[in-house]
There are 2 protein chains.
Amino acid sequence: MKLTILGCNAASPAYGRHPTAQILEIDGELFLIDCGEGTQMRMQDFNIKSARINNVFISHMHGDHYFGLIGWLNSQSLFGRTRKLHIYCPEKLKAIVEIQLDYKLSYEIVYTFLQEAEETKIYDGEKITVSSFAVKHSIPTWGFKFLKKNRKRVLIPEKIRALEIPKYYYSKLCDGINYTFADGREINYEEVTAPGKPNLTYVYSADTIFDEALAKIAANANCLYHEATYLDAQLDKATARFHSTARQAATIAKLANTKLLIIGHYSSKYINADAHLEEAKCIFANVKCAVEGESYCID
Amino acid sequence: MKLTILGCNAASPAYGRHPTAQILEIDGELFLIDCGEGTQMRMQDFNIKSARINNVFISHMHGDHYFGLIGWLNSQSLFGRTRKLHIYCPEKLKAIVEIQLDYKLSYEIVYTFLQEAEETKIYDGEKITVSSFAVKHSIPTWGFKFLKKNRKRVLIPEKIRALEIPKYYYSKLCDGINYTFADGREINYEEVTAPGKPNLTYVYSADTIFDEALAKIAANANCLYHEATYLDAQLDKATARFHSTARQAATIAKLANTKLLIIGHYSSKYINADAHLEEAKCIFANVKCAVEGESYCID
């Protein structure tokens, strides 16, 4: 998994930072998470092959998370896209798109509306699943959990050497399929293979007030992206606006025992995120501040 | 008058160029003309004090001319704007804004819908008027003519010296008011003043097919901004899509006898506008290619 930050500012653009958008790449497939104004320009700046995006996730209907969608959708049609596009979003987004793109696009949009508060599977691919879960913000808002299933097991060399299983069957054993010799003798895949890499999890918790329930959802995640709109000195403001501070984001990561924490969604009042990093590091060591154009390996 | 280009590309962003937007500054007042996606970022990049914009003109409902409006309107509210904002636009824009900004903004928006095909005064200030006029494009589209009235006359030094008119009255004479001495003798302002600078006119003709009627509207304008989406080698495409070529833009400027022609709205197929400039220069000498971030003095 590779996460590329396209925008990491809150509300309005400031100091060269842009509203929220990010690309999660899993096995060459691109998932677009939120789409603030200017996202299509950022994709060009950072060489994102946006035609490879087939699934878009919009967390909530604050403009800094979706104002860029309409332009990108329109451009995809101008570029002649034919592949279906899936959008997972609050129901209201559909009318906003349709009132503007009331002409025939070159491709079809399929909407899945976010409705359930509980963790709910909304995308179920062969190797990848995505769940949505409601978070606590000033309007209905959802976070997303991306899970890459690593079902592939690995061969145990000394065991495999001792048997005369044909090489072409090795891959099937790794997929968990038993082998049967001509004489009927069966080799259980578990005898000759070991579990492969563990699953990978990325949790994007969108805009949210500090909420310990998030730690459960993000438990042991390989990476959590948690907003840190403010520093703890502005805790009152953060709470009043249903946002979090850098310290609070780090607290969730610590409670969840995530491997990596990325913070972002900085308020325009901050020239840079140096103080955010310092504050978060006091609570949780493996934290990074989102930087636009940077990619983060999740493993 | 000073014109600053914020975006000069057609349809989608390309090669670092952005969709259409420009700022016309007249005596410190800023007029925003079209507002493609990312306009608020360009304003920040080029130090445009966007709180000083009280009037916005949207030529038509193709997204590359208005997708950036919603973000800028929203940011103005976040920044606490209280001054009324006037938007001159096709009627459809209002519903698109209202479905998205359905919460209370910190300021009021007043809409004036563009409806008349003929040249129609839509803004009537003390020194500045703006007229709209329909142009020929694939959907209803309007251009705008900005007129700065220079009513102020200038004193004729030798004549003014010969009379004993008190200095405090000089400004009134320039405003066209006669002076009357204590003995009842009246001095006509025309005796001691000459006409001041002529009016200044800027014509923005939006997206349009080649149309000689435009030359009449732009007659003797100080500056005409005419789209040149294509080069003449793509004349068929230009015509089919209701756009113009660089040669056609220059032809209108020549017919209109404008002082300056600025071309822009380049198709994404062109890496730069060098060939546009060359093509236009063959027809009309005083032509400039729009460059984002550049300002053009209109006098």
# chains A, B, ... in the order shown; residues from 1 in each chain; ligands from 1
$ interface_residues --of "chain B" --to "chain A" --cutoff "8 Å" --atoms "only C-alpha atoms" --output "PyMOL selection string"
chain B and resi 11-14+37-38+40-41+44+63-64+67-68+70-71+74-75+78+96+99-100
$ residues_around --residues "stretch 139-147 of chain A" --least-positions-apart "6" --cutoff "7 Å" --atoms "only C-alpha atoms" --output "compact mmCIF listing (two decimals) with N, CA, C and O atoms, in the first residue's frame"
# COMPACT_ATOMS: atom_id res chain seq x y z
N SER A 59 -15.88 11.52 2.45
CA SER A 59 -16.18 11.30 3.87
C SER A 59 -17.38 12.11 4.37
O SER A 59 -18.15 11.64 5.20
N HIS A 60 -17.51 13.35 3.89
CA HIS A 60 -18.63 14.18 4.35
C HIS A 60 -18.78 15.39 3.45
O HIS A 60 -17.95 15.64 2.57
N ILE A 128 -8.94 -6.83 -1.69
CA ILE A 128 -9.09 -5.58 -0.94
C ILE A 128 -10.53 -5.43 -0.49
O ILE A 128 -11.46 -5.64 -1.28
N THR A 129 -10.72 -5.06 0.77
CA THR A 129 -12.06 -4.67 1.19
C THR A 129 -11.97 -3.26 1.80
O THR A 129 -10.92 -2.86 2.31
N VAL A 130 -13.07 -2.55 1.71
CA VAL A 130 -13.14 -1.23 2.33
C VAL A 130 -14.41 -1.17 3.18
O VAL A 130 -15.48 -1.58 2.72
N SER A 131 -14.26 -0.70 4.40
CA SER A 131 -15.41 -0.52 5.28
C SER A 131 -15.55 0.96 5.61
O SER A 131 -14.56 1.70 5.64
N SER A 132 -16.78 1.36 5.84
CA SER A 132 -17.01 2.73 6.32
C SER A 132 -17.46 2.64 7.77
O SER A 132 -17.99 1.62 8.21
N PHE A 133 -17.24 3.71 8.51
CA PHE A 133 -17.71 3.78 9.89
C PHE A 133 -17.96 5.25 10.22
O PHE A 133 -17.21 6.13 9.77
N ASN A 199 -2.28 -9.34 6.89
CA ASN A 199 -3.09 -8.34 6.19
C ASN A 199 -2.52 -6.94 6.46
O ASN A 199 -1.85 -6.71 7.46
N LEU A 200 -2.85 -6.04 5.55
CA LEU A 200 -2.44 -4.64 5.75
C LEU A 200 -3.70 -3.80 5.95
O LEU A 200 -4.70 -4.00 5.24
N THR A 201 -3.64 -2.88 6.89
CA THR A 201 -4.81 -2.05 7.15
C THR A 201 -4.44 -0.57 7.14
O THR A 201 -3.47 -0.16 7.80
N TYR A 202 -5.22 0.23 6.43
CA TYR A 202 -5.08 1.68 6.47
C TYR A 202 -6.42 2.25 6.92
O TYR A 202 -7.46 1.94 6.34
N VAL A 203 -6.38 3.07 7.95
CA VAL A 203 -7.61 3.69 8.45
C VAL A 203 -7.53 5.20 8.27
O VAL A 203 -6.58 5.85 8.72
N TYR A 204 -8.53 5.73 7.59
CA TYR A 204 -8.66 7.18 7.37
C TYR A 204 -9.85 7.64 8.20
O TYR A 204 -10.98 7.25 7.92
N SER A 205 -9.56 8.43 9.22
CA SER A 205 -10.66 8.73 10.14
C SER A 205 -11.35 10.07 9.87
O SER A 205 -12.17 10.52 10.66
N ALA A 206 -11.02 10.70 8.73
CA ALA A 206 -11.72 11.91 8.28
C ALA A 206 -11.67 13.03 9.33
O ALA A 206 -10.72 13.12 10.09
$ residues_around --residues "A:Asn9" --least-positions-apart "5" --cutoff "8 Å" --atoms "only C-alpha atoms" --output "PyMOL selection string"
chain A and resi 14+17-20+264-268
$ select_by_dssp --residues "stretch 141-295 of chain B" --states "strand (DSSP E or B)" --output "VMD selection string"
chain B and resid 141 to 148 154 to 155 179 to 180 186 to 187 193 to 194 200 to 204 223 to 227 230 245 260 to 264 266 287 to 289 295
$ write_last_selection --atoms "C-alpha atoms" --output "tab-separated table (two decimals), in the first residue's frame"
chain	number	residue	atom	x	y	z
B	141	THR	CA	-22.99	32.60	-23.07
B	142	TRP	CA	-22.38	36.25	-22.41
B	143	GLY	CA	-19.42	38.57	-22.80
B	144	PHE	CA	-18.85	41.68	-20.69
B	145	LYS	CA	-17.85	45.23	-21.55
B	146	PHE	CA	-16.26	47.30	-18.80
B	147	LEU	CA	-16.26	51.05	-19.30
B	148	LYS	CA	-14.38	53.47	-17.12
B	154	VAL	CA	-7.99	69.16	-17.26
B	155	LEU	CA	-7.16	72.84	-16.59
B	179	TYR	CA	-17.53	79.66	-11.74
B	180	THR	CA	-19.33	82.90	-10.91
B	186	GLU	CA	-19.68	83.75	-15.04
B	187	ILE	CA	-16.77	81.67	-16.37
B	193	THR	CA	-10.53	73.37	-19.19
B	194	ALA	CA	-9.96	70.81	-21.93
B	200	LEU	CA	-11.37	53.24	-21.14
B	201	THR	CA	-13.02	50.07	-22.40
B	202	TYR	CA	-12.22	46.44	-21.74
B	203	VAL	CA	-14.21	43.79	-23.59
B	204	TYR	CA	-14.18	40.15	-22.46
B	223	CYS	CA	-8.43	46.02	-24.85
B	224	LEU	CA	-10.26	42.96	-26.13
B	225	TYR	CA	-9.78	39.53	-24.53
B	226	HIS	CA	-10.79	37.03	-27.19
B	227	GLU	CA	-10.56	33.29	-26.85
B	230	TYR	CA	-7.23	26.53	-31.38
B	245	THR	CA	-8.73	30.22	-33.63
B	260	LEU	CA	-4.71	45.77	-27.60
B	261	LEU	CA	-5.79	42.17	-28.10
B	262	ILE	CA	-5.17	39.50	-25.47
B	263	ILE	CA	-5.79	35.90	-26.50
B	264	GLY	CA	-6.23	32.92	-24.21
B	266	TYR	CA	-5.85	27.60	-25.04
B	287	VAL	CA	-1.52	41.12	-29.54
B	288	LYS	CA	-0.44	39.44	-26.33
B	289	CYS	CA	-0.86	35.86	-25.21
B	295	SER	CA	-0.97	41.82	-15.34
$ select_by_dssp --residues "stretch 39-179 of chain A" --states "helix (DSSP H, G or I)" --output "VMD selection string"
chain A and resid 39 to 45 50 to 52 63 to 65 69 to 78 92 to 100 157 to 162 167 to 174
$ residues_around --residues "stretch 114-117 of chain A" --least-positions-apart "3" --cutoff "6 Å" --atoms "only C-alpha atoms" --output "PDB file with all heavy atoms, in the first residue's frame"
ATOM      1  N   CYS A  89     -20.320   7.767  -0.849  1.00  0.00           N
ATOM      2  CA  CYS A  89     -20.472   9.146  -0.371  1.00  0.00           C
ATOM      3  C   CYS A  89     -21.784   9.340   0.377  1.00  0.00           C
ATOM      4  O   CYS A  89     -22.691   8.521   0.279  1.00  0.00           O
ATOM      5  CB  CYS A  89     -20.451  10.085  -1.567  1.00  0.00           C
ATOM      6  SG  CYS A  89     -21.793   9.734  -2.738  1.00  0.00           S
ATOM      7  N   PRO A  90     -21.922  10.460   1.086  1.00  0.00           N
ATOM      8  CA  PRO A  90     -23.234  10.809   1.628  1.00  0.00           C
ATOM      9  C   PRO A  90     -24.222  11.023   0.472  1.00  0.00           C
ATOM     10  O   PRO A  90     -23.828  11.488  -0.606  1.00  0.00           O
ATOM     11  CB  PRO A  90     -22.966  12.122   2.378  1.00  0.00           C
ATOM     12  CG  PRO A  90     -21.499  12.102   2.663  1.00  0.00           C
ATOM     13  CD  PRO A  90     -20.877  11.418   1.494  1.00  0.00           C
ATOM     14  N   PHE A 133     -17.237   3.706   8.506  1.00  0.00           N
ATOM     15  CA  PHE A 133     -17.706   3.777   9.890  1.00  0.00           C
ATOM     16  C   PHE A 133     -17.956   5.251  10.217  1.00  0.00           C
ATOM     17  O   PHE A 133     -17.213   6.126   9.769  1.00  0.00           O
ATOM     18  CB  PHE A 133     -16.662   3.175  10.855  1.00  0.00           C
ATOM     19  CG  PHE A 133     -15.284   3.736  10.689  1.00  0.00           C
ATOM     20  CD1 PHE A 133     -14.872   4.863  11.402  1.00  0.00           C
ATOM     21  CD2 PHE A 133     -14.382   3.178   9.780  1.00  0.00           C
ATOM     22  CE1 PHE A 133     -13.599   5.400  11.234  1.00  0.00           C
ATOM     23  CE2 PHE A 133     -13.104   3.713   9.608  1.00  0.00           C
ATOM     24  CZ  PHE A 133     -12.716   4.819  10.332  1.00  0.00           C
ATOM     25  N   ALA A 134     -19.026   5.510  10.935  1.00  0.00           N
ATOM     26  CA  ALA A 134     -19.348   6.901  11.264  1.00  0.00           C
ATOM     27  C   ALA A 134     -18.370   7.424  12.304  1.00  0.00           C
ATOM     28  O   ALA A 134     -17.964   6.700  13.216  1.00  0.00           O
ATOM     29  CB  ALA A 134     -20.775   6.988  11.786  1.00  0.00           C
TER      30      ALA A 134
END
$ closest_residue --among "A:Asp124, A:Thr258, A:Asp207, A:Thr112" --to "A:Asp34" --atoms "only C-alpha atoms"
A:Asp207
$ closest_residue --among "A:Val110, A:Phe57, A:Pro198, A:Arg241" --to "A:Asn220" --atoms "only C-alpha atoms"
A:Pro198
$ atom_distance --atom1 "atom CA of B:Lys254" --atom2 "atom CA of B:Leu214"
11.3 Å
$ closest_residue --among "B:Lys167, B:Lys172, B:Lys259, B:Arg247" --to "B:Asn222" --atoms "only C-alpha atoms"
B:Lys259
$ residues_around --residues "B:Arg151" --least-positions-apart "2" --cutoff "9 Å" --atoms "only C-alpha atoms" --output "ChimeraX atom specification"
/B:127,149,153,174-176,195-199
$ closest_residue --among "B:Asn47, B:Ile283, B:Gly125, B:Leu235" --to "B:Glu29" --atoms "only C-alpha atoms"
B:Gly125
$ residues_around --residues "A:Ala215" --least-positions-apart "3" --cutoff "9 Å" --atoms "only C-alpha atoms" --output "PDB file with C-alpha atoms, in the first residue's frame"
ATOM      1  CA  ASP A 211     -13.294   9.805  20.234  1.00  0.00           C
ATOM      2  CA  GLU A 212     -11.804   6.747  21.908  1.00  0.00           C
ATOM      3  CA  ALA A 218      -8.065   1.349  14.120  1.00  0.00           C
ATOM      4  CA  ALA A 219      -6.731  -1.342  16.463  1.00  0.00           C
ATOM      5  CA  ASN A 220      -3.336  -2.624  15.246  1.00  0.00           C
ATOM      6  CA  THR A 251      -3.511   9.428  21.856  1.00  0.00           C
ATOM      7  CA  ILE A 252      -5.835   7.517  19.519  1.00  0.00           C
ATOM      8  CA  ALA A 253      -2.843   5.996  17.701  1.00  0.00           C
ATOM      9  CA  LYS A 254      -1.347   4.931  21.027  1.00  0.00           C
ATOM     10  CA  LEU A 255      -4.612   3.411  22.267  1.00  0.00           C
ATOM     11  CA  ALA A 256      -5.058   1.636  18.930  1.00  0.00           C
ATOM     12  CA  ASN A 257      -1.466   0.425  18.832  1.00  0.00           C
ATOM     13  CA  THR A 258      -1.125   1.406  15.187  1.00  0.00           C
TER      14      THR A 258
END
$ closest_residue --among "A:Ala290, A:Ile298, A:Leu85, A:Ala228" --to "A:Gly7" --atoms "only C-alpha atoms"
A:Ala290
$ closest_residue --among "A:Arg83, A:Val192, A:Cys282, A:Ala51" --to "A:Tyr169" --atoms "only C-alpha atoms"
A:Val192
$ atom_distance --atom1 "atom CA of A:Ile87" --atom2 "atom CA of A:Glu292"
23.3 Å
$ atom_distance --atom1 "atom CA of A:Ile271" --atom2 "atom CA of A:Gln22"
20.9 Å
